[in-house]
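Student: Enclosed is the structure file start-v8.txt (compact mmCIF, C-alpha atoms).
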# COMPACT_ATOMS: atom_id res chain seq x y z
CA MET P 263 98.37 118.86 101.72
CA SER P 264 102.04 118.75 100.74
CA ILE P 265 103.03 120.12 97.33
CA SER P 266 104.46 116.65 96.56
CA GLU P 267 100.95 115.23 96.98
CA TYR P 268 99.24 117.94 94.90
CA ASN P 269 98.89 115.85 91.72
CA GLY P 270 98.61 112.43 93.39
CA SER P 271 100.52 109.31 92.38
CA ALA P 272 101.15 105.67 93.16
CA ILE P 273 104.30 103.92 92.01
CA VAL P 274 105.94 100.65 92.94
CA ALA P 275 109.01 98.76 91.68
CA MET P 276 109.51 95.08 92.46
CA ALA P 277 112.31 92.60 91.82
CA GLY P 278 111.94 89.03 90.58
CA LYS P 279 114.28 86.33 89.33
CA ASP P 280 116.23 87.90 86.42
CA CYS P 281 113.38 90.36 85.89
CA VAL P 282 112.06 93.54 87.43
CA ALA P 283 108.70 95.31 87.30
CA LEU P 284 107.61 98.93 87.53
CA ALA P 285 103.94 99.87 87.99
CA THR P 286 102.19 103.23 88.26
CA ASP P 287 98.67 104.57 88.37
CA THR P 288 97.27 106.62 85.48
CA ARG P 289 95.51 109.44 87.32
CA PHE P 290 96.58 113.06 86.94
CA GLY P 291 94.73 115.35 89.28
CA ILE P 292 94.81 118.76 90.88
CA SER P 293 94.24 117.97 94.53
CA PHE P 294 90.97 116.00 94.62
CA LYS P 295 89.89 117.04 91.11
CA THR P 296 90.73 114.50 88.39
CA VAL P 297 92.05 116.06 85.18
CA SER P 298 93.19 113.02 83.20
CA THR P 299 92.85 109.26 83.55
CA ASP P 300 95.53 108.15 81.07
CA PHE P 301 98.61 109.92 82.41
CA ASP P 302 101.94 108.17 81.83
CA ARG P 303 104.59 108.77 84.50
CA VAL P 304 107.16 106.19 83.27
CA TYR P 305 110.11 107.13 81.05
CA LYS P 306 112.39 104.83 79.10
CA MET P 307 115.94 105.99 79.81
CA GLY P 308 117.93 103.11 78.34
CA PRO P 309 117.62 99.64 76.78
CA ARG P 310 116.68 98.06 80.13
CA ILE P 311 116.29 101.18 82.29
CA TYR P 312 112.88 102.60 83.13
CA MET P 313 112.20 105.51 85.45
CA GLY P 314 108.91 106.32 87.15
CA MET P 315 108.34 109.54 89.03
CA ALA P 316 106.05 110.55 91.86
CA GLY P 317 105.39 114.08 93.01
CA LEU P 318 104.64 117.39 91.31
CA VAL P 319 104.01 116.84 87.60
CA THR P 320 105.70 120.05 86.42
CA ASP P 321 108.91 119.03 88.20
CA MET P 322 108.57 115.51 86.76
CA TYR P 323 108.72 116.98 83.25
CA THR P 324 111.66 119.21 84.16
CA VAL P 325 113.71 116.41 85.76
CA SER P 326 112.99 113.92 82.96
CA ALA P 327 113.92 116.48 80.26
CA ARG P 328 117.21 117.40 81.96
CA LEU P 329 118.07 113.75 82.48
CA ARG P 330 117.34 113.03 78.81
CA PHE P 331 119.69 115.89 77.84
CA ARG P 332 122.49 114.49 80.02
CA LEU P 333 121.89 110.97 78.71
CA ASN P 334 122.20 112.16 75.13
CA LEU P 335 125.45 113.96 75.94
CA TYR P 336 126.81 110.85 77.66
CA GLU P 337 125.99 108.61 74.69
CA LEU P 338 127.55 111.06 72.24
CA ARG P 339 130.72 111.28 74.33
CA GLU P 340 131.06 107.60 75.25
CA ASN P 341 129.51 106.11 72.10
CA ARG P 342 127.63 103.51 74.16
CA PRO P 343 124.36 103.23 76.08
CA VAL P 344 124.42 104.30 79.70
CA ALA P 345 124.84 101.59 82.35
CA PRO P 346 122.26 101.50 85.16
CA ARG P 347 124.66 102.45 87.95
CA VAL P 348 126.02 105.36 85.89
CA PHE P 349 122.46 106.54 85.40
CA PHE P 350 121.84 106.26 89.14
CA SER P 351 124.75 108.64 89.77
CA MET P 352 123.48 110.97 87.05
CA ILE P 353 120.16 111.34 88.86
CA THR P 354 121.89 111.93 92.21
CA ASN P 355 124.05 114.69 90.72
CA LEU P 356 121.09 116.39 89.04
CA LEU P 357 118.92 116.41 92.16
CA TYR P 358 121.71 117.41 94.55
CA GLU P 359 122.57 120.43 92.40
CA ARG P 360 119.18 121.85 93.38
CA ARG P 361 119.35 120.91 97.06
CA PHE P 362 118.60 124.48 98.24
CA GLY P 363 115.54 124.73 95.99
CA SER P 364 114.77 121.12 95.30
CA TYR P 365 112.47 119.55 92.75
CA PHE P 366 109.27 118.23 94.29
CA SER P 367 109.66 114.93 92.53
CA ALA P 368 111.11 111.57 93.49
CA PRO P 369 112.38 109.15 90.82
CA VAL P 370 112.13 105.38 91.14
CA VAL P 371 114.28 103.43 88.67
CA ALA P 372 113.89 99.79 87.67
CA ALA P 373 116.65 98.25 85.56
CA LEU P 374 118.49 95.06 84.70
CA ASP P 375 122.24 94.80 85.11
CA PRO P 376 123.64 94.35 81.57
CA VAL P 377 126.45 92.10 82.85
CA ASN P 378 124.66 89.50 84.98
CA GLY P 379 120.98 90.25 84.25
CA LYS P 380 120.15 90.83 87.92
CA PRO P 381 117.37 93.29 88.85
CA LEU P 382 118.27 96.74 90.16
CA ILE P 383 115.87 99.10 91.91
CA ALA P 384 116.97 102.60 92.87
CA ALA P 385 114.94 105.24 94.68
CA TYR P 386 115.64 108.84 95.62
CA ASP P 387 114.38 111.63 97.79
CA CYS P 388 114.05 115.16 96.42
CA ILE P 389 117.73 116.05 96.99
CA GLY P 390 119.18 112.93 95.41
CA ASP P 391 119.82 110.58 98.32
CA LEU P 392 120.13 107.17 96.64
CA GLU P 393 118.74 103.94 98.04
CA VAL P 394 119.28 100.68 96.14
CA VAL P 395 116.97 97.87 97.26
CA ASN P 396 116.74 94.20 96.30
CA ASP P 397 113.04 93.55 96.97
CA PHE P 398 110.58 96.41 96.34
CA PHE P 399 110.10 100.13 96.73
CA ALA P 400 106.92 102.21 96.83
CA ASP P 401 106.40 105.96 96.49
CA GLY P 402 103.64 108.50 95.98
CA THR P 403 100.51 109.29 97.94
CA SER P 404 99.71 105.55 98.24
CA THR P 405 103.03 104.67 99.87
CA GLU P 406 101.65 103.39 103.18
CA GLN P 407 99.03 101.19 101.51
CA LEU P 408 101.59 99.86 99.01
CA LEU P 409 104.18 98.98 101.63
CA GLY P 410 101.70 96.97 103.67
CA ILE P 411 100.48 94.77 100.84
CA CYS P 412 103.93 94.45 99.21
CA GLU P 413 105.39 93.11 102.46
CA THR P 414 102.61 90.51 102.46
CA LEU P 415 102.70 89.35 98.84
CA TRP P 416 106.31 89.78 97.71
CA LYS P 417 108.67 86.81 97.84
CA PRO P 418 112.12 86.18 96.36
CA ASN P 419 112.82 84.61 92.97
CA MET P 420 109.43 85.16 91.33
CA ASP P 421 109.32 84.57 87.57
CA SER P 422 107.94 87.26 85.24
CA GLU P 423 104.36 85.97 85.25
CA GLU P 424 104.13 85.71 89.02
CA LEU P 425 105.85 89.07 89.41
CA TYR P 426 103.26 90.66 87.12
CA GLU P 427 100.40 89.19 89.14
CA VAL P 428 101.86 90.29 92.47
CA ILE P 429 102.75 93.85 91.50
CA SER P 430 99.38 94.32 89.79
CA GLN P 431 97.45 93.17 92.86
CA CYS P 432 99.60 95.33 95.13
CA LEU P 433 99.05 98.48 93.09
CA LEU P 434 95.34 97.97 92.40
CA ASN P 435 94.50 97.22 96.02
CA ALA P 436 96.62 100.06 97.40
CA GLN P 437 95.28 102.76 95.09
CA ASP P 438 91.69 101.76 95.88
CA SER P 439 92.31 103.20 99.36
CA ASP P 440 93.76 106.48 98.06
CA ALA P 441 91.56 109.25 96.67
CA LEU P 442 94.56 110.91 95.00
CA ALA P 443 95.61 107.90 92.91
CA GLY P 444 94.03 105.24 90.74
CA TRP P 445 91.80 105.25 87.65
CA GLY P 446 93.89 102.50 86.04
CA ALA P 447 97.45 101.25 86.07
CA GLN P 448 100.42 100.61 83.80
CA VAL P 449 102.83 97.75 84.46
CA TYR P 450 106.25 97.34 82.84
CA ILE P 451 107.92 93.91 83.08
CA ILE P 452 111.61 94.18 82.19
CA GLU P 453 113.38 90.96 81.21
CA LYS P 454 116.72 90.28 79.56
CA ASP P 455 115.27 89.74 76.08
CA LYS P 456 112.11 91.88 76.16
CA VAL P 457 110.11 94.59 77.91
CA THR P 458 106.36 94.09 78.26
CA LYS P 459 103.94 96.92 78.96
CA LYS P 460 100.45 96.07 80.20
CA THR P 461 97.54 98.37 80.99
CA LEU P 462 95.13 97.48 83.76
CA LYS P 463 91.61 98.68 84.37
CA ALA P 464 90.73 99.84 87.85
CA ARG P 465 87.87 101.38 89.78
CA LEU P 466 86.66 104.67 88.28
CA ASP P 467 85.09 106.20 91.37
Rewrite the coordinates I just gave you, this time as structure tokens.
Tutor:
Amino acid sequence: MSISEYNGSAIVAMAGKDCVALATDTRFGISFKTVSTDFDRVYKMGPRIYMGMAGLVTDMYTVSARLRFRLNLYELRENRPVAPRVFFSMITNLLYERRFGSYFSAPVVAALDPVNGKPLIAAYDCIGDLEVVNDFFADGTSTEQLLGICETLWKPNMDSEELYEVISQCLLNAQDSDALAGWGAQVYIIEKDKVTKKTLKARLD
């Protein structure tokens, strides 16, 4: 088992029409032993910027804390909230600094462009290689299961309600086939005027 799979995780981001969704499972485990069933792996990094992380939990806390420190410095210096694409570069710089002893954690960011309201999804590997996608991105130990069902159910220009239904079904079905993820789910729907967080029940076996 890879160290990145040690704690288990399932995370997916999906774009809709003027909205974007981010969903994660709620299991925190040590290999196949479940420690907690209400673990939150999503961080609010800006008004319409949410970051989920897959991988080793200790590195998740380290990366999120260092990003929060840099965000606070940026806002003090610039006297404005960070823009999504600036935040994308901030993550790349942080991860690439540790390329010879990388963090075992991979961020997935879902955001709305503050200018035109279009969805933005950014994903990284452990050394900060950035990939911006316009449909969906999956990470964690359930990646293969997520990709298969997302390719089947996702379609362009979904409204927020349809996007919520699709991403929820994708995550719940994928994590049912993964012993390292599951035990519930959290879904964030990010729209121009609001952010909605919903908690889903899932199989507990």
Student: I'd like the contact shell of stretch 303-306 of chain P - 8 Å cut-off, all atoms listed in the file, skipping same-chain residues fewer than 4 positions apart - returned as a ChimeraX atom specification.
Tutor: /P:286,288,311-316,326
Student: Could you tell me how far atom CA of P:Leu382 sits from atom CA of P:Asn419, in Å to one decimal place?
Tutor: 13.6 Å
Student: At what distance in Å, to one decimal, does atom CA of P:Val457 lie from atom CA of P:Asp421?
Tutor: 13.9 Å
Student: Taking only residues of stretch 316-419 of chain P that have an atom at most 10 Å from an atom of stretch 432-452 of chain P, what is each one's shortest atom pair and its distance in Å to one decimal, using all atoms listed in the file, in chain and number order, as a tab-separated table?
Tutor:
residue	atom	partner	partner_atom	distance
P:Ala372	CA	P:Ile452	CA	8.2
P:Ala373	CA	P:Ile452	CA	7.3
P:Leu374	CA	P:Ile452	CA	7.4
P:Pro381	CA	P:Ile452	CA	8.9
P:Ala400	CA	P:Leu433	CA	9.5
P:Gly402	CA	P:Ala443	CA	8.6
P:Thr403	CA	P:Leu442	CA	6.8
P:Ser404	CA	P:Asp440	CA	6.0
P:Thr405	CA	P:Ala436	CA	8.3
P:Glu406	CA	P:Ala436	CA	8.4
P:Gln407	CA	P:Ala436	CA	4.9
P:Leu408	CA	P:Ala436	CA	5.2
P:Leu409	CA	P:Ala436	CA	8.7
P:Gly410	CA	P:Ala436	CA	8.6
P:Ile411	CA	P:Cys432	CA	5.8
P:Cys412	CA	P:Cys432	CA	6.0
P:Glu413	CA	P:Cys432	CA	9.6
P:Thr414	CA	P:Cys432	CA	9.3
P:Leu415	CA	P:Cys432	CA	7.7
P:Trp416	CA	P:Cys432	CA	9.1
Student: Of the candidates P:Met420, P:Val371, P:Gly270, P:Phe366, which one gets nearest to P:Thr320 if we count only C-alpha atoms?
Tutor: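 Closest to P:Thr320 of all the choices is P:Phe366.
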Student: Find the distance between atom CA of P:Asp302 and atom CA of P:Thr354 and write it in Å to one decimal.
Tutor: 22.8 Å
Student: Taking all atoms listed in the file into account, name the residue in P:Met263, P:Leu357, P:Val274, P:Val319 that is nearest to P:Ser430.
Tutor: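 Among the listed residues, P:Val274 lies closest to P:Ser430.
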Student: Return the single residue from P:Ile292, P:Ile389, P:Val325, P:Ala275 that is closest to P:Ser364, with distances computed using all atoms listed in the file.
Tutor: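 Checking each of P:Ile292, P:Ile389, P:Val325, P:Ala275 against P:Ser364, counting all atoms listed in the file, the winner is P:Ile389.
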Student: Rank nothing, just name the residue among P:Met322, P:Phe349, P:Phe301, P:Glu453 nearest to P:Gly379, using all atoms listed in the file.
Tutor: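 Looking at the shortest contact to P:Gly379, the residue is P:Glu453.
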Student: Looking at all atoms listed in the file, which of P:Lys459, P:Glu337, P:Pro346, P:Ala277 is the one that sits closest to P:Asp375?
Tutor: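 Checking each of P:Lys459, P:Glu337, P:Pro346, P:Ala277 against P:Asp375, counting all atoms listed in the file, the winner is P:Pro346.
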